Structure formats: C-alpha cells, structure tokens
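File shown here: model.txt, holding compact mmCIF, C-alpha atoms.
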# COMPACT_ATOMS: atom_id res chain seq x y z
CA MET A 1 183.96 212.97 57.70
CA SER A 2 184.28 211.92 61.31
CA THR A 3 184.89 208.31 62.28
CA PRO A 4 183.22 206.64 65.22
CA SER A 5 185.37 206.66 68.31
CA THR A 6 186.53 203.27 69.52
CA ALA A 7 187.65 204.62 72.87
CA ALA A 8 185.91 203.32 75.96
CA PRO A 9 183.54 205.84 77.47
CA ALA A 10 185.20 208.07 80.06
CA TRP A 11 182.91 206.90 82.80
CA MET A 12 184.15 203.33 82.43
CA ALA A 13 187.55 204.40 83.68
CA ALA A 14 186.04 206.00 86.75
CA PHE A 15 183.80 202.97 87.30
CA LEU A 16 186.69 200.51 87.12
CA GLY A 17 188.86 202.72 89.30
CA MET A 18 186.16 202.73 91.91
CA ALA A 19 185.66 198.98 91.59
CA ARG A 20 189.37 198.44 92.25
CA GLU A 21 189.31 200.67 95.33
CA MET A 22 186.24 198.89 96.62
CA TRP A 23 187.86 195.49 96.24
CA VAL A 24 191.01 196.68 98.02
CA LEU A 25 188.82 197.87 100.91
CA LYS A 26 186.79 194.65 101.00
CA ASP A 27 189.98 192.60 101.08
CA ARG A 28 191.51 194.82 103.75
CA GLN A 29 188.42 194.66 105.93
CA ARG A 30 188.30 190.86 105.77
CA VAL A 31 192.00 190.67 106.72
CA LEU A 32 191.54 193.12 109.58
CA GLU A 33 188.52 191.28 110.99
CA GLU A 34 190.38 187.97 110.78
CA LEU A 35 193.44 189.37 112.55
CA LEU A 36 191.44 191.14 115.26
CA ALA A 37 189.30 188.06 115.93
CA ALA A 38 192.37 185.78 115.98
CA GLN A 39 193.98 188.02 118.61
CA GLY A 40 190.77 188.14 120.66
CA MET A 41 190.34 191.86 120.08
CA ILE A 42 186.84 191.52 118.66
CA ALA A 43 184.24 188.80 118.54
CA PRO A 44 183.50 187.27 115.12
CA GLU A 45 180.60 189.14 113.44
CA SER A 46 180.94 192.10 115.82
CA VAL A 47 181.77 194.52 112.96
CA SER A 48 178.65 193.43 111.11
CA SER A 49 176.45 193.76 114.18
CA HIS A 50 177.84 197.05 115.51
CA GLN A 51 175.31 199.89 115.79
CA PRO A 52 177.01 203.29 115.40
CA ASP A 53 176.25 205.89 118.07
CA ALA A 54 174.95 209.30 116.99
CA PRO A 55 178.35 211.04 116.56
CA LEU A 56 179.76 208.16 114.49
CA GLN A 57 176.58 207.99 112.38
CA ALA A 58 176.81 211.75 111.72
CA GLN A 59 180.47 211.37 110.73
CA LEU A 60 179.67 208.43 108.45
CA ASP A 61 176.85 210.41 106.80
CA ALA A 62 179.17 213.37 106.18
CA ASP A 63 181.91 211.09 104.84
CA CYS A 64 179.40 209.35 102.57
CA ARG A 65 178.20 212.66 101.11
CA ALA A 66 181.79 213.78 100.50
CA TYR A 67 182.62 210.40 98.93
CA ILE A 68 179.71 210.69 96.50
CA GLU A 69 180.67 214.27 95.66
CA ARG A 70 184.23 213.21 94.82
CA LEU A 71 183.01 210.21 92.87
CA LEU A 72 180.66 212.27 90.72
CA SER A 73 183.22 214.98 90.08
CA ASP A 74 185.58 212.28 88.74
CA VAL A 75 182.94 211.11 86.28
CA ASN A 76 183.31 214.53 84.68
CA PHE A 77 179.71 215.43 83.84
CA MET B 78 159.97 198.83 115.76
CA GLN B 79 163.35 200.17 114.74
CA PRO B 80 165.46 197.24 113.46
CA GLU B 81 169.20 196.95 114.07
CA LEU B 82 170.70 196.28 110.65
CA LYS B 83 173.94 194.58 109.79
CA GLN B 84 176.82 196.79 108.69
CA ARG B 85 176.31 196.00 104.98
CA GLY B 86 172.61 196.83 105.01
CA ARG B 87 173.05 199.92 107.17
CA ALA B 88 175.94 201.30 105.10
CA SER B 89 174.05 200.57 101.86
CA ILE B 90 170.99 202.47 103.09
CA ASP B 91 173.25 205.33 104.23
CA PHE B 92 174.76 205.35 100.73
CA VAL B 93 171.32 205.48 99.08
CA ALA B 94 170.28 208.35 101.38
CA ALA B 95 173.41 210.32 100.56
CA LEU B 96 172.92 209.62 96.86
CA GLY B 97 169.41 211.08 97.26
CA GLY B 98 171.06 214.30 98.43
CA ALA B 99 173.29 214.27 95.36
CA LEU B 100 170.21 213.82 93.17
CA ARG B 101 168.63 216.92 94.73
CA SER B 102 171.78 218.93 94.03
CA SER B 103 171.84 217.70 90.42
CA ARG B 104 168.18 218.64 89.97
CA MET B 105 168.87 222.17 91.23
CA GLN B 106 171.89 222.50 88.95
CA LEU B 107 169.86 221.26 85.99
CA SER B 108 167.09 223.77 86.82
CA SER B 109 169.65 226.59 86.77
CA GLU B 110 171.05 225.41 83.45
CA ILE B 111 167.69 225.31 81.66
CA ALA B 112 166.70 228.66 83.19
CA ALA B 113 169.93 230.12 81.80
CA ALA B 114 168.96 228.66 78.40
CA GLY B 115 165.70 230.62 78.53
CA VAL B 116 163.35 227.76 79.43
CA GLY B 117 160.68 228.87 81.89
CA ASN B 118 156.96 229.26 82.49
CA GLU B 119 156.64 231.89 79.77
CA SER B 120 158.46 229.92 77.10
CA LEU B 121 156.79 226.53 77.68
CA PRO B 122 153.74 225.73 75.49
CA ALA B 123 150.22 225.74 76.93
CA ASP B 124 149.42 222.25 75.64
CA PHE B 125 150.62 219.67 78.19
CA ASP B 126 152.11 217.18 75.72
CA GLU B 127 153.86 219.91 73.76
CA ARG B 128 155.09 221.39 77.03
CA MET B 129 156.56 218.06 78.20
CA ALA B 130 158.24 217.55 74.82
CA ALA B 131 159.80 221.04 74.96
CA PHE B 132 160.89 220.55 78.58
CA GLU B 133 162.42 217.13 77.99
CA SER B 134 164.19 218.39 74.90
CA ALA B 135 165.66 221.29 76.91
CA ILE B 136 166.91 219.22 79.83
CA SER B 137 168.30 216.44 77.62
CA VAL B 138 171.00 218.76 76.24
CA ALA B 139 171.88 220.42 79.57
CA ALA B 140 175.32 219.64 80.94
CA THR B 141 174.11 218.10 84.21
CA HIS B 142 171.44 215.90 82.62
CA PRO B 143 173.53 212.69 82.37
CA ARG B 144 174.39 212.90 86.07
CA TYR B 145 170.81 213.73 87.08
CA ALA B 146 169.33 210.93 84.96
CA ALA B 147 171.90 208.37 86.13
CA LEU B 148 171.26 209.17 89.81
CA ARG B 149 167.48 209.27 89.38
CA ASP B 150 167.30 205.97 87.52
CA TRP B 151 169.83 204.15 89.72
CA LEU B 152 168.02 205.22 92.87
CA GLY B 153 164.65 204.35 91.35
CA ARG B 154 165.81 200.83 90.48
CA HIS B 155 167.91 200.03 93.52
CA HIS B 156 166.44 201.61 96.65
CA GLY B 157 163.81 198.89 97.04
CA PRO B 158 166.08 195.88 96.47
CA ILE B 159 168.72 197.39 98.80
CA ALA B 160 166.10 197.77 101.54
CA MET B 161 164.93 194.17 100.98
CA GLU B 162 168.52 192.91 101.14
CA ALA B 163 169.11 194.87 104.37
CA PHE B 164 166.03 193.24 105.87
CA ASP B 165 166.99 189.74 104.71
CA GLU B 166 170.33 190.05 106.52
CA VAL B 167 168.51 190.35 109.87
CA ARG B 168 165.22 188.58 109.23
CA GLY B 169 166.15 185.60 111.38
CA GLU B 170 166.87 187.84 114.35
CA LEU B 171 163.76 189.97 113.79
CA ALA B 172 161.34 187.10 113.17
CA PRO B 173 160.32 186.40 116.81
CA ALA B 174 159.66 190.10 117.52
CA LEU B 175 157.77 190.57 114.25
CA GLU B 176 155.60 187.54 114.94
CA ALA B 177 154.95 188.65 118.53
CA LEU B 178 153.85 192.08 117.33
CA ARG B 179 151.34 190.47 115.02
CA SER B 180 149.93 187.97 117.47
CA ARG B 181 149.84 189.98 120.69
CA GLY B 182 147.78 193.11 121.01
CA PRO B 183 144.36 194.64 120.47
CA CYS B 184 144.57 195.20 116.70
CA THR B 185 142.74 192.63 114.55
CA LEU B 186 143.36 191.70 110.92
CA ALA B 187 140.96 189.75 108.70
CA LEU B 188 142.57 188.64 105.44
CA ALA B 189 140.60 187.99 102.27
CA THR B 190 140.33 184.42 101.02
CA GLU B 191 141.44 185.61 97.55
CA ASP B 192 143.79 188.44 96.62
CA PRO B 193 141.46 191.43 96.08
CA SER B 194 144.02 193.46 94.08
CA PRO B 195 142.36 195.18 91.14
CA ASP B 196 143.62 194.69 87.58
CA TYR B 197 145.03 198.22 87.41
CA MET B 198 147.54 197.33 90.15
CA ARG B 199 148.70 193.98 88.85
CA GLY B 200 152.24 193.99 87.52
CA VAL B 201 152.77 197.70 88.25
CA ALA B 202 156.20 198.34 89.77
CA PHE B 203 155.08 201.07 92.14
CA HIS B 204 157.86 203.55 92.91
CA GLY B 205 160.05 201.81 90.38
CA THR B 206 160.82 198.74 92.44
CA SER B 207 158.08 196.28 93.17
CA THR B 208 154.49 195.52 93.94
CA TRP B 209 153.23 196.01 97.48
CA ASP B 210 153.40 192.27 98.13
CA ALA B 211 156.72 191.57 96.37
CA HIS B 212 158.38 190.39 99.59
CA ASP B 213 156.80 188.46 102.43
CA HIS B 214 157.78 191.34 104.73
CA MET B 215 157.16 194.17 102.23
CA GLY B 216 155.08 196.09 104.77
CA PHE B 217 157.91 196.18 107.29
CA ILE B 218 160.48 196.93 104.59
CA HIS B 219 158.44 199.78 103.11
CA GLY B 220 157.30 201.22 106.44
CA GLU B 221 160.44 200.93 108.54
CA LEU B 222 163.31 200.92 106.03
CA VAL B 223 162.17 202.78 102.90
CA HIS B 224 159.83 205.27 104.54
CA ARG B 225 161.35 205.82 107.96
CA ARG B 226 165.05 205.38 107.17
CA LEU B 227 165.27 206.67 103.60
CA VAL B 228 162.40 208.97 102.67
CA ALA B 229 162.18 210.60 106.11
CA ARG B 230 165.93 211.26 106.12
CA ASN B 231 165.81 213.39 102.99
CA PHE B 232 162.41 214.90 103.78
CA GLY B 233 163.59 217.56 106.22
CA GLY B 234 161.33 217.64 109.27
CA ASP B 235 158.61 215.33 110.53
CA ILE B 236 157.38 213.32 107.56
CA TYR B 237 154.23 212.31 109.42
CA ALA B 238 153.23 215.82 110.62
CA GLN B 239 151.23 216.56 107.49
CA ARG B 240 148.80 213.76 108.26
CA ARG B 241 148.05 215.36 111.63
CA GLN B 242 147.80 218.83 110.03
CA MET B 243 145.32 217.45 107.50
CA LEU B 244 143.11 216.01 110.23
CA ALA B 245 143.11 219.38 112.03
CA GLU B 246 141.02 220.68 109.10
CA LEU B 247 138.03 218.57 110.21
CA GLN B 248 135.36 220.64 111.90
CA HIS B 249 132.13 218.63 112.02
CA GLY B 250 132.80 216.02 114.69
CA PRO B 251 132.38 214.02 116.76
CA TYR B 252 134.02 211.32 114.66
CA MET B 253 133.35 208.14 116.59
CA ARG B 254 133.30 205.67 113.66
CA ILE B 255 136.14 206.15 111.19
CA LEU B 256 136.98 204.22 108.04
CA GLU B 257 140.43 204.62 106.54
CA VAL B 258 140.86 203.47 102.94
CA GLY B 259 144.36 202.56 101.76
CA THR B 260 145.72 201.97 105.27
CA SER B 261 149.14 200.80 104.03
CA SER B 262 151.51 200.45 107.00
CA GLY B 263 149.32 202.54 109.29
CA ASN B 264 150.82 206.02 109.33
CA LEU B 265 147.50 207.87 108.88
CA THR B 266 145.84 205.35 111.18
CA VAL B 267 148.22 206.39 113.97
CA ALA B 268 147.38 210.06 113.35
CA LEU B 269 143.65 209.25 113.43
CA SER B 270 144.03 207.44 116.77
CA GLN B 271 146.03 210.34 118.18
CA GLN B 272 143.50 212.92 116.98
CA PHE B 273 140.38 210.92 117.86
CA PRO B 274 141.37 208.58 120.71
CA GLU B 275 137.78 207.52 121.44
CA ALA B 276 136.96 206.55 117.85
CA ALA B 277 136.48 203.02 116.54
CA ILE B 278 138.81 202.80 113.53
CA THR B 279 138.47 200.39 110.62
CA GLY B 280 141.32 200.26 108.10
CA ILE B 281 141.18 198.59 104.69
CA ASP B 282 143.81 197.90 102.05
CA VAL B 283 144.27 195.37 99.27
CA SER B 284 147.83 194.51 100.30
CA ARG B 285 148.16 191.72 102.83
CA ARG B 286 151.78 192.62 103.57
CA MET B 287 151.04 196.27 104.28
CA LEU B 288 148.14 195.35 106.54
CA GLU B 289 150.33 192.91 108.46
CA GLN B 290 152.73 195.77 109.16
CA ALA B 291 149.84 198.06 110.12
CA GLN B 292 148.74 195.40 112.61
CA ARG B 293 152.22 195.37 114.15
CA VAL B 294 152.15 199.17 114.42
CA GLY B 295 148.67 199.13 115.98
CA ASN B 296 149.57 196.40 118.46
CA GLU B 297 152.84 198.08 119.42
CA LEU B 298 150.97 201.31 120.21
CA GLY B 299 148.00 199.57 121.84
CA TYR B 300 145.39 200.65 119.27
CA SER B 301 142.40 198.37 118.70
CA TRP B 302 142.04 198.95 114.97
CA GLN B 303 139.95 196.56 112.90
CA LEU B 304 141.95 195.88 109.73
CA LEU B 305 140.34 194.26 106.70
CA GLN B 306 141.89 193.18 103.39
CA ARG B 307 139.40 194.69 100.97
CA ARG B 308 139.12 197.04 98.02
CA ALA B 309 138.23 200.65 98.75
CA GLU B 310 135.96 200.63 95.70
CA GLN B 311 133.82 197.88 97.21
CA THR B 312 134.22 197.64 100.98
CA GLY B 313 131.26 195.41 101.74
CA LEU B 314 130.71 197.50 104.87
CA PRO B 315 127.21 198.60 105.94
CA ALA B 316 125.67 201.76 104.50
CA ALA B 317 125.66 204.92 106.65
CA SER B 318 127.93 203.30 109.24
CA PHE B 319 130.79 205.83 109.48
CA ASP B 320 131.13 209.47 110.58
CA LEU B 321 134.38 209.95 108.66
CA VAL B 322 136.18 208.29 105.76
CA ALA B 323 139.86 209.22 105.46
CA ALA B 324 142.70 208.49 103.04
CA TYR B 325 146.24 209.74 102.56
CA SER B 326 148.41 209.51 99.45
CA LEU B 327 146.08 207.00 97.80
CA PRO B 328 144.38 208.21 94.59
CA HIS B 329 147.57 209.27 92.81
CA GLU B 330 148.25 205.50 92.68
CA LEU B 331 144.89 204.86 90.96
CA PRO B 332 143.16 205.52 87.65
CA GLU B 333 140.41 208.12 87.72
CA THR B 334 137.68 205.49 87.39
CA ALA B 335 138.84 203.85 90.64
CA THR B 336 139.04 207.20 92.43
CA ARG B 337 135.45 207.95 91.42
CA GLN B 338 134.31 204.49 92.59
CA ILE B 339 136.01 205.06 95.95
CA LEU B 340 134.21 208.40 96.35
CA ARG B 341 130.87 206.75 95.60
CA GLU B 342 131.62 203.94 98.05
CA ALA B 343 132.66 206.46 100.72
CA LEU B 344 129.41 208.33 100.17
CA ARG B 345 127.48 205.07 100.64
CA VAL B 346 129.14 204.11 103.95
CA LEU B 347 129.01 207.64 105.41
CA ARG B 348 126.12 208.69 107.62
CA PRO B 349 124.16 211.76 106.51
CA GLY B 350 126.39 214.77 107.22
CA GLY B 351 129.47 212.52 107.39
CA GLU B 352 132.77 213.66 105.90
CA PHE B 353 135.44 212.40 103.53
CA ILE B 354 138.98 213.71 103.92
CA LEU B 355 141.85 213.00 101.58
CA GLY B 356 145.42 214.26 101.44
CA ASP B 357 147.58 213.73 98.38
CA VAL B 358 150.12 215.28 96.02
CA VAL B 359 149.81 218.79 94.58
CA PRO B 360 147.58 218.85 91.47
CA PHE B 361 148.72 220.49 88.24
CA GLY B 362 146.10 223.20 88.74
CA ALA B 363 148.06 224.51 91.74
CA GLN B 364 151.45 224.45 90.00
CA ASP B 365 153.15 226.62 87.41
CA ARG B 366 154.09 225.05 84.07
CA LEU B 367 157.70 224.33 84.92
CA THR B 368 156.83 222.67 88.24
CA GLN B 369 154.24 220.52 86.45
CA CYS B 370 156.93 219.35 84.03
CA TRP B 371 159.35 218.38 86.80
CA ALA B 372 156.60 216.56 88.70
CA GLN B 373 155.46 214.66 85.63
CA LEU B 374 159.00 213.78 84.56
CA GLU B 375 159.88 212.32 87.95
CA ALA B 376 156.55 210.51 88.17
CA VAL B 377 157.16 208.84 84.80
CA HIS B 378 160.63 207.72 85.92
CA GLY B 379 159.55 206.96 89.49
CA GLY B 380 156.93 204.26 88.98
CA GLU B 381 153.83 206.47 89.21
CA PRO B 382 151.70 205.42 86.23
CA TYR B 383 148.58 207.33 87.30
CA TRP B 384 150.21 210.59 88.40
CA ARG B 385 149.17 212.68 85.40
CA GLU B 386 145.62 211.33 85.51
CA PHE B 387 145.21 212.24 89.17
CA CYS B 388 147.03 215.57 89.02
CA SER B 389 144.80 216.71 86.17
CA LEU B 390 141.67 216.35 88.33
CA ASP B 391 139.88 219.02 90.30
CA MET B 392 138.92 216.75 93.17
CA ALA B 393 136.30 219.15 94.55
CA ALA B 394 134.42 218.96 91.24
CA VAL B 395 134.89 215.20 91.09
CA ALA B 396 133.53 214.74 94.63
CA GLN B 397 130.47 216.83 93.82
CA GLU B 398 129.92 214.97 90.55
CA GLU B 399 129.93 211.73 92.55
CA GLY B 400 127.27 213.02 94.94
CA PHE B 401 128.89 214.91 97.81
CA ALA B 402 126.88 217.97 98.83
CA GLU B 403 129.90 220.13 99.65
CA ALA B 404 133.55 219.84 98.67
CA ARG B 405 136.69 221.94 99.06
CA TYR B 406 140.11 221.17 97.55
CA PHE B 407 142.98 223.22 98.90
CA GLY B 408 146.70 223.10 99.61
CA HIS B 409 148.34 223.08 103.02
CA GLY B 410 150.92 225.77 103.73
CA VAL B 411 153.32 227.46 101.35
CA GLN B 412 154.19 224.23 99.53
CA GLN B 413 150.43 223.49 99.12
CA PHE B 414 151.29 219.94 100.24
CA PRO B 415 149.40 217.88 100.98
CA HIS B 416 146.49 218.97 98.84
CA ILE B 417 143.38 218.25 100.84
CA LEU B 418 139.92 217.25 99.69
CA LEU B 419 137.29 217.86 102.33
CA ALA B 420 133.84 216.67 101.20
CA ARG B 421 130.60 216.32 103.10
CA LYS B 422 127.58 214.13 102.52
CA ALA B 423 124.19 215.87 102.59
CA THR B 424 122.61 215.85 106.00
CA GLN B 425 119.33 214.62 104.47
CA SER B 426 118.89 212.35 101.48
Could you spell out this file's structure in structure tokens?
Amino acid sequence: MSTPSTAAPAWMAAFLGMAREMWVLKDRQRVLEELLAAQGMIAPESVSSHQPDAPLQAQLDADCRAYIERLLSDVNF
Amino acid sequence: MQPELKQRGRASIDFVAALGGALRSSRMQLSSEIAAAGVGNESLPADFDERMAAFESAISVAATHPRYAALRDWLGRHHGPIAMEAFDEVRGELAPALEALRSRGPCTLALATEDPSPDYMRGVAFHGTSTWDAHDHMGFIHGELVHRRLVARNFGGDIYAQRRQMLAELQHGPYMRILEVGTSSGNLTVALSQQFPEAAITGIDVSRRMLEQAQRVGNELGYSWQLLQRRAEQTGLPAASFDLVAAYSLPHELPETATRQILREALRVLRPGGEFILGDVVPFGAQDRLTQCWAQLEAVHGGEPYWREFCSLDMAAVAQEEGFAEARYFGHGVQQFPHILLARKATQS
C-alpha cells in the first residue's frame, strides 16, 4: 500500500527559486538607481520612463523568450 | 495613439507576449503527443460531446498538458489586469491627450441615458478577464495595449488586413450609407472609411468605453463617424436607410437568438438590394474534428461562452431563414479565416 507523499510539489522549489532571484534583482535595481541618481548619472525616474529603441527591444524580446524557456525547463514538465 | 509605458508595464507586457509564444510551443508539443498516442480525426467520435470528452481525456494524460494548461490559464487570467496596470502607471500623463482626442475632431458620440447592455452580456468575463466596461479606459486598454501590443505581436502579419480583405468581397456598391454593428474600438470602422471614403458611417455598440476609444480613433484619423451607444438587435434607426450593414468578430460573442435578432434588424434598416457583411471565426462545419476540439477547448478556457453556439451555425442558412434573399458563407484564404457571411436583401419587397 502506498502512502501519500508529504513532499512539497517539485514546482514549488522552482517557484521559490525564481522568487528569490527576482527579489535579488529588484533590490539590485533599486540600489543601482539610487547610486546613479546620487552621482548625477541619471535623473530620478529615468529608468522607468526610458523607451527602448528597436535593437534594444529586439534584444529584450529574445532574452525574455530564452528566460521563459529556461524557467519552464526547470519546472520539469 | 501609441502610449509610452513605464518600464514595469512595458516589461510585463513583453513578458506576457513571450509567454504567449511559449503557449504556442506547448500546444504544438501536446498535439504531437496525442497524435503519437493515436488520437486523431479518425479515432474521435462523431458526437460532439463524446468527441470533446475523448479529446480532453487524451490531452489530460499527455506529458506536456500541465505546462500547456498552466500557461493557458495564467495568460487567460492575467493578460487583462497586466494591461490595465500598465495603463494606470501612465494614465496621468496620457489623460490630456486622451481627452483632447475625444473632444476635438469630426467624430461624434451619443451615449445612451441607460446602459443598453443585454442580459446575456452581464457578468460575463469576456476573454477571461473582464467586461467591456470594467475599467474607465477599457476601450483604450483593449484597443491599444491588448490588441495592438499583445495580440498583434503574436499574430504574425497585419492583424487588421483581414477586415480590408473581407470588404473587398463586396460587389454591389455604391455604399454611401453604412451601418457598423459592434463597432468596438473602431478597427473595422477604419477599414470601412479607407475602402469607402465618401460613405457616411454610423457605428453602434453597447459599450460606452469601447465607443469612447472608437471616437478617439476616428478623430485622430479625421473621420466623421456618427457613433451611437445602442444595441444591434434594436438600433432605433430608420427603416431602409442603409446600403450596407457590416460587422466583424461580433456574433461569436452572442447567443444564437441575439444573432438572429441582429440579422432581422439589419434587414429592416437596409434598403432593398442592400447588403450585410460579417466576418468572424471559422465555424465547426469548415474544420476537421481535431481542430474543432482545440477551438472549443480554448474557447471554454478563454472566456468565450457562446463559441460553440455560433460555430455550430451555418450562417448562410440562418440569414436566409431570417429573410435575406441571397446569402453566402465562405472562408478567406487557406486558413478560411475570417469566415465571411455575405447576404443581400431582396431588391423588391
């Protein structure tokens, strides 16, 4: 007779791993913006308002697709 | 008007678009897996309900199904709220331009004193997210962010070209007085103005927010459309006052009874010899069994409560039953999309 598994589902590990990486990035971005603004390198809010040009948008799209591919392969289904 | 979004909204919409690509890949993988398991047109039952049960049973045990279902459902639930959030980040900056586009220009909009939405639309989360008036700028959000930035990106090609191709099927002009039913944010209205620049165009819809966006589109392009917030089933417009009644992607959002009422109302407002043209999704009659199952499955999970009802209809027969003298129902191109109903009122009563 089999017993019910008490292990967390596998996808939870991937989800929490991703959540950690996302928080690290959010924290890092805030620190970077603060430092750059403090040194007069960028205006406050300029990261939020920036409109990517076509080459950067294409690169971001490609990176986003690759990111999703990696993410889904880690979920293992 | 193409809005400049903040980084969070833009990146979130980019993420949703890329996730849409991943959903397509998962669907293809799932198709291969069920084909390898012997599920196909020959093995699926003739009865529609039995066929759907067999199909859903087959895909539910396929290896890729959890990924496919997770992507499909997440996108269905979140694409609308993400677009609304992206808009809300910039609404303060957009407000003056949005207001100016409504108030300055040749396009008029007359709103109803009471919401004319029919009972069959109330509380329905169309496309899995919301009603057409769920946000005070839903028309802009749907037209510019969901349609132009998300749907068009994964569509491959000009998403609006099919409206123009549909209108090229019309052969009994001149069409000087045109009524469009279900104007939404004005995409077919633009095609009508481009195809028939001399025509007087009246557009009706039940959604105030979609009509407000259509007015912005009309004003921005300099078109003097007359927009009215009314039901297509009961326009209140004079009999025999239009040469053409047109609609795009409307009846698959409606129960059959409403579609039949709209046809009868179109017949009433058309002049003798006037035409009704409609473009919409591919009906089951033009699809093989497996394609029907995929379409129905995604409709059920995509906020399309009337899909099966509409796709089961032969619209040429329906148009003739409702009084049109001639009617043809045919697909455009290899994909048979859009499927076009072209119906003509008798030249003499």
List as JSON lines every residue of chain A that is in contact with chain B, defined as an atom at most 12 Å from one of its atoms (using only C-alpha atoms), together with the nearest atom pair and the distance in Å rounded to one decimal, sorted by chain and then rising number.
{"residue": "A:Trp11", "atom": "CA", "partner": "B:Arg144", "partner_atom": "CA", "distance": 10.9}
{"residue": "A:Lys26", "atom": "CA", "partner": "B:Arg85", "partner_atom": "CA", "distance": 11.3}
{"residue": "A:Glu45", "atom": "CA", "partner": "B:Lys83", "partner_atom": "CA", "distance": 9.3}
{"residue": "A:Ser46", "atom": "CA", "partner": "B:Gln84", "partner_atom": "CA", "distance": 9.5}
{"residue": "A:Val47", "atom": "CA", "partner": "B:Gln84", "partner_atom": "CA", "distance": 6.9}
{"residue": "A:Ser48", "atom": "CA", "partner": "B:Gln84", "partner_atom": "CA", "distance": 4.5}
{"residue": "A:Ser49", "atom": "CA", "partner": "B:Lys83", "partner_atom": "CA", "distance": 5.1}
{"residue": "A:His50", "atom": "CA", "partner": "B:Gln84", "partner_atom": "CA", "distance": 6.9}
{"residue": "A:Gln51", "atom": "CA", "partner": "B:Glu81", "partner_atom": "CA", "distance": 7.0}
{"residue": "A:Pro52", "atom": "CA", "partner": "B:Gln84", "partner_atom": "CA", "distance": 9.3}
{"residue": "A:Gln57", "atom": "CA", "partner": "B:Asp91", "partner_atom": "CA", "distance": 9.2}
{"residue": "A:Ala58", "atom": "CA", "partner": "B:Asp91", "partner_atom": "CA", "distance": 10.5}
{"residue": "A:Gln59", "atom": "CA", "partner": "B:Asp91", "partner_atom": "CA", "distance": 11.4}
{"residue": "A:Leu60", "atom": "CA", "partner": "B:Asp91", "partner_atom": "CA", "distance": 8.3}
{"residue": "A:Asp61", "atom": "CA", "partner": "B:Asp91", "partner_atom": "CA", "distance": 6.7}
{"residue": "A:Ala62", "atom": "CA", "partner": "B:Ala95", "partner_atom": "CA", "distance": 8.6}
{"residue": "A:Asp63", "atom": "CA", "partner": "B:Ala95", "partner_atom": "CA", "distance": 9.5}
{"residue": "A:Cys64", "atom": "CA", "partner": "B:Ala95", "partner_atom": "CA", "distance": 6.4}
{"residue": "A:Arg65", "atom": "CA", "partner": "B:Ala95", "partner_atom": "CA", "distance": 5.4}
{"residue": "A:Ala66", "atom": "CA", "partner": "B:Ala95", "partner_atom": "CA", "distance": 9.1}
{"residue": "A:Tyr67", "atom": "CA", "partner": "B:Ala95", "partner_atom": "CA", "distance": 9.4}
{"residue": "A:Ile68", "atom": "CA", "partner": "B:Leu96", "partner_atom": "CA", "distance": 6.9}
{"residue": "A:Glu69", "atom": "CA", "partner": "B:Ala99", "partner_atom": "CA", "distance": 7.4}
{"residue": "A:Arg70", "atom": "CA", "partner": "B:Ala99", "partner_atom": "CA", "distance": 11.0}
{"residue": "A:Leu71", "atom": "CA", "partner": "B:Ala99", "partner_atom": "CA", "distance": 10.8}
{"residue": "A:Leu72", "atom": "CA", "partner": "B:Arg144", "partner_atom": "CA", "distance": 7.8}
{"residue": "A:Ser73", "atom": "CA", "partner": "B:Arg144", "partner_atom": "CA", "distance": 9.9}
{"residue": "A:Asp74", "atom": "CA", "partner": "B:Arg144", "partner_atom": "CA", "distance": 11.5}
{"residue": "A:Val75", "atom": "CA", "partner": "B:Arg144", "partner_atom": "CA", "distance": 8.7}
{"residue": "A:Asn76", "atom": "CA", "partner": "B:Arg144", "partner_atom": "CA", "distance": 9.2}
{"residue": "A:Phe77", "atom": "CA", "partner": "B:Thr141", "partner_atom": "CA", "distance": 6.2}
Atom CA of Arg337 of chain B to atom CA of Glu398 of chain B, straight-line distance in Å
9.0 Å
Separation of atom CA of Gly263 of chain B and atom CA of Trp302 of chain B, in Å?
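These two atoms are separated by 9.9 Å.
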Non-local contacts of Gly356 of chain B (7 Å; all atoms listed in the file; under 3 positions in same chain excluded) as a list in words:
Met243, Ala324, Tyr325, Ser326, Pro415, His416, Ile417 and Leu418 of chain B
What is the atom CA of Ala14 of chain A-atom CA of Asn231 of chain B distance in Å, reported with one decimal?
27.0 Å
